[in-house]
Amino acid sequence: MITSLHSSHVETVKALLGPRGSKQRHETGLYVIESLQNIKAALQVAAESIETLYFTQSGLEKLGNQDWSHVDTLEVSDEVMKAMTDTVTPQGLLAVARIPKLSLDDVLARVLATKSKPLKLAFFWEIQDPGNAGTVIRAADAFDFDVLIFSENSVDVYAPKVVRSSAGSLWNYPVIQGISLESLLQHAKSNKFQVFATTAGANLELQEAAKLASNNNSLWVFGNEARGIPVELLSNEIVQQVAIPISHRVESLNLATAASVVMYAVNTAAQ
């Protein structure tokens, strides 16, 4: 059992969660998984990525019958767990896992080769809010999107708040980050994807756009929380602008809400 607050394990976890965590995650290729729900999900579908599972006795009891025998584990004291975790009320479980190395080329080639139904991709341009990022990851999982892509200069997908708010959905399908808008549009054009971007005042309404996409591979683009969709995207000839019909009493929707509405509509039309 680890009881020392000065253990190298404690320092490693704190560095990944601290103010310079993004740099540490980039350099080491590691990130931290917290919360019982996320730990269970990771053990079920991404156990091979877990480097170490840290637990207290109370945390181990919460796992119940969950199979954790195939991962490296270390027991720690309650004090060490509290020092490690980024949450106010630690649940006695924490894992350090490897960030998957995903190439957009490889992922698209794989899903295009293995999926018989039209693919649904979502792209988020310079999304900044960790809560929004976690929410759209959950929405993409809930509404059967095949790949989720984040642009350059977006929030770190493996930041603690994003991982926690994704509530286990982060490991259910490919999530790729750091993709430029230019390269994505080239991929879309090469693979004959229909491209849709949500903008206020567009003539094509969401329900009709979802029907158009139901028989074709489609890419749905969402903009930054404050600046919306980039101008160079809207001027691209392969992009169709789509409006979400809302009450005149409401000026606009939160990014995560708008993305969730769109994903639901696209998934419903495809069924």
# chains A, B, ... in the order shown; residues from 1 in each chain; ligands from 1
$ residues_around --residues "Asp78 (chain A)" --least-positions-apart "2" --cutoff "9 Å" --atoms "only C-alpha atoms" --output "PyMOL selection string"
chain A and resi 3+55-58+76+80-83+90+92
$ closest_atom_pairs --of "region 18-48 of chain A" --to "region 64-75 of chain A" --cutoff "8 Å" --atoms "only C-alpha atoms" --output "tab-separated table"
residue	atom	partner	partner_atom	distance
A:Lys40	CA	A:Gln66	CA	7.2
A:Leu43	CA	A:Trp68	CA	6.8
A:Ala47	CA	A:Val71	CA	6.8
A:Glu48	CA	A:Val71	CA	7.6
$ select_by_dssp --residues "region 6-187 of chain A" --states "alpha helix (DSSP H)" --output "ChimeraX atom specification"
/A:8-17,21-28,36-45,57-63,78-84,104-114,130-142,160-165,181-187
$ residues_around --residues "Gln241 (chain A)" --least-positions-apart "6" --cutoff "9 Å" --atoms "only C-alpha atoms" --output "list in words"
Val195, Phe196, Ala197, Thr198, Thr199, Ala200, Gly201, Ala202, Asn203, Leu204, Glu205 and Leu234 of chain A
$ write_last_selection --atoms "C-alpha atoms" --output "compact mmCIF listing (two decimals), in the first residue's frame"
# COMPACT_ATOMS: atom_id res chain seq x y z
CA VAL A 195 -20.94 18.70 -45.12
CA PHE A 196 -23.41 20.70 -43.02
CA ALA A 197 -22.76 23.68 -40.75
CA THR A 198 -25.25 25.16 -38.31
CA THR A 199 -25.81 28.89 -38.74
CA ALA A 200 -28.61 31.25 -37.80
CA GLY A 201 -30.79 32.39 -40.68
CA ALA A 202 -29.86 29.60 -43.10
CA ASN A 203 -32.55 28.63 -45.61
CA LEU A 204 -32.13 24.87 -45.10
CA GLU A 205 -33.83 23.76 -41.90
CA LEU A 234 -19.23 29.03 -44.75
$ closest_residue --among "A:Gln44, A:Gln177, A:Thr135, A:Asn217" --to "Val163 (chain A)" --atoms "only C-alpha atoms"
A:Thr135
$ atom_distance --atom1 "CA of Ser35 (chain A)" --atom2 "CA of Leu93 (chain A)"
6.8 Å
$ residues_around --residues "Ser218 (chain A)" --least-positions-apart "5" --cutoff "12 Å" --atoms "only C-alpha atoms" --output "PyMOL selection string"
chain A and resi 112+117-123+145-147+185+187-189+191-197+209-213+238-240+263+266-267+270
$ residues_around --residues "Pro130 (chain A)" --least-positions-apart "3" --cutoff "6 Å" --atoms "only C-alpha atoms" --output "PyMOL selection string"
chain A and resi 133+161-162
$ write_last_selection --atoms "C-alpha atoms" --output "CSV table (one decimal), in the first residue's frame"
chain,number,residue,atom,x,y,z
A,133,ALA,CA,-16.9,19.2,-24.7
A,161,LYS,CA,-13.3,18.1,-16.4
A,162,VAL,CA,-13.9,16.9,-20.0
$ select_by_dssp --residues "region 29-116 of chain A" --states "strand (DSSP E or B)" --output "ChimeraX atom specification"
/A:30-34,50-55,73-76,93-98
$ closest_residue --among "A:Val88, A:Ala42, A:Ile179, A:Leu63" --to "Leu148 (chain A)" --atoms "only C-alpha atoms"
A:Ile179
$ atom_distance --atom1 "CA of Leu94 (chain A)" --atom2 "CA of Tyr54 (chain A)"
5.2 Å
$ residues_around --residues "region 4-13 of chain A" --least-positions-apart "3" --cutoff "7 Å" --atoms "only C-alpha atoms" --output "CSV table (one decimal) with N, CA and C atoms, in the first residue's frame"
chain,number,residue,atom,x,y,z
A,16,LEU,N,-0.4,15.6,-13.9
A,16,LEU,CA,-1.3,15.4,-15.0
A,16,LEU,C,-2.6,16.2,-14.8
A,17,LEU,N,-2.9,16.5,-13.5
A,17,LEU,CA,-4.1,17.2,-13.1
A,17,LEU,C,-3.9,18.7,-12.9
A,80,VAL,N,-3.6,9.5,0.7
A,80,VAL,CA,-2.9,9.6,-0.6
A,80,VAL,C,-3.9,9.8,-1.7
A,84,MET,N,-4.2,12.8,-4.4
A,84,MET,CA,-4.1,12.6,-5.9
A,84,MET,C,-5.2,13.2,-6.7
$ atom_distance --atom1 "CA of Ile246 (chain A)" --atom2 "CA of Leu206 (chain A)"
10.7 Å
$ closest_residue --among "A:Leu255, A:Pro100, A:Gly131, A:Arg227" --to "Tyr173 (chain A)" --atoms "only C-alpha atoms"
A:Pro100
$ decode --residues "region 118-142 of chain A" --atoms "N, CA and C atoms" --output "tab-separated table (two decimals), in the first residue's frame"
chain	number	residue	atom	x	y	z
A	118	PRO	N	-24.66	4.64	-43.64
A	118	PRO	CA	-23.97	5.93	-43.82
A	118	PRO	C	-23.35	6.41	-42.51
A	119	LEU	N	-22.17	6.99	-42.61
A	119	LEU	CA	-21.47	7.45	-41.42
A	119	LEU	C	-21.93	8.84	-41.00
A	120	LYS	N	-21.86	9.08	-39.69
A	120	LYS	CA	-22.20	10.38	-39.13
A	120	LYS	C	-20.99	10.88	-38.33
A	121	LEU	N	-20.41	11.99	-38.77
A	121	LEU	CA	-19.26	12.58	-38.09
A	121	LEU	C	-19.62	13.96	-37.58
A	122	ALA	N	-19.06	14.33	-36.43
A	122	ALA	CA	-19.25	15.67	-35.88
A	122	ALA	C	-17.88	16.32	-35.70
A	123	PHE	N	-17.81	17.59	-36.07
A	123	PHE	CA	-16.55	18.35	-35.95
A	123	PHE	C	-16.81	19.63	-35.16
A	124	PHE	N	-16.00	19.86	-34.15
A	124	PHE	CA	-16.14	21.05	-33.32
A	124	PHE	C	-14.93	21.95	-33.50
A	125	TRP	N	-15.20	23.15	-33.97
A	125	TRP	CA	-14.13	24.10	-34.30
A	125	TRP	C	-13.84	25.00	-33.10
A	126	GLU	N	-12.65	24.86	-32.55
A	126	GLU	CA	-12.14	25.69	-31.46
A	126	GLU	C	-13.11	25.79	-30.29
A	127	ILE	N	-13.72	24.68	-29.93
A	127	ILE	CA	-14.56	24.63	-28.73
A	127	ILE	C	-13.67	24.83	-27.51
A	128	GLN	N	-14.12	25.63	-26.54
A	128	GLN	CA	-13.26	26.02	-25.43
A	128	GLN	C	-13.72	25.52	-24.07
A	129	ASP	N	-14.99	25.32	-23.89
A	129	ASP	CA	-15.52	24.98	-22.57
A	129	ASP	C	-15.44	23.47	-22.30
A	130	PRO	N	-14.77	23.05	-21.23
A	130	PRO	CA	-14.65	21.61	-20.94
A	130	PRO	C	-16.00	20.94	-20.73
A	131	GLY	N	-16.93	21.65	-20.07
A	131	GLY	CA	-18.26	21.08	-19.86
A	131	GLY	C	-18.99	20.84	-21.16
A	132	ASN	N	-18.87	21.79	-22.08
A	132	ASN	CA	-19.48	21.61	-23.40
A	132	ASN	C	-18.86	20.42	-24.13
A	133	ALA	N	-17.55	20.29	-24.04
A	133	ALA	CA	-16.86	19.19	-24.73
A	133	ALA	C	-17.33	17.84	-24.19
A	134	GLY	N	-17.41	17.72	-22.87
A	134	GLY	CA	-17.89	16.48	-22.28
A	134	GLY	C	-19.32	16.17	-22.67
A	135	THR	N	-20.15	17.21	-22.72
A	135	THR	CA	-21.56	17.02	-23.08
A	135	THR	C	-21.72	16.55	-24.52
A	136	VAL	N	-20.97	17.14	-25.45
A	136	VAL	CA	-21.12	16.72	-26.85
A	136	VAL	C	-20.56	15.32	-27.08
A	137	ILE	N	-19.56	14.93	-26.29
A	137	ILE	CA	-19.07	13.55	-26.38
A	137	ILE	C	-20.17	12.58	-25.96
A	138	ARG	N	-20.88	12.90	-24.89
A	138	ARG	CA	-22.00	12.06	-24.45
A	138	ARG	C	-23.12	12.05	-25.47
A	139	ALA	N	-23.41	13.21	-26.06
A	139	ALA	CA	-24.48	13.29	-27.05
A	139	ALA	C	-24.14	12.47	-28.29
A	140	ALA	N	-22.89	12.55	-28.73
A	140	ALA	CA	-22.48	11.78	-29.91
A	140	ALA	C	-22.61	10.28	-29.65
A	141	ASP	N	-22.31	9.87	-28.44
A	141	ASP	CA	-22.48	8.47	-28.06
A	141	ASP	C	-23.96	8.10	-28.01
A	142	ALA	N	-24.76	8.95	-27.41
A	142	ALA	CA	-26.19	8.67	-27.27
A	142	ALA	C	-26.89	8.57	-28.62
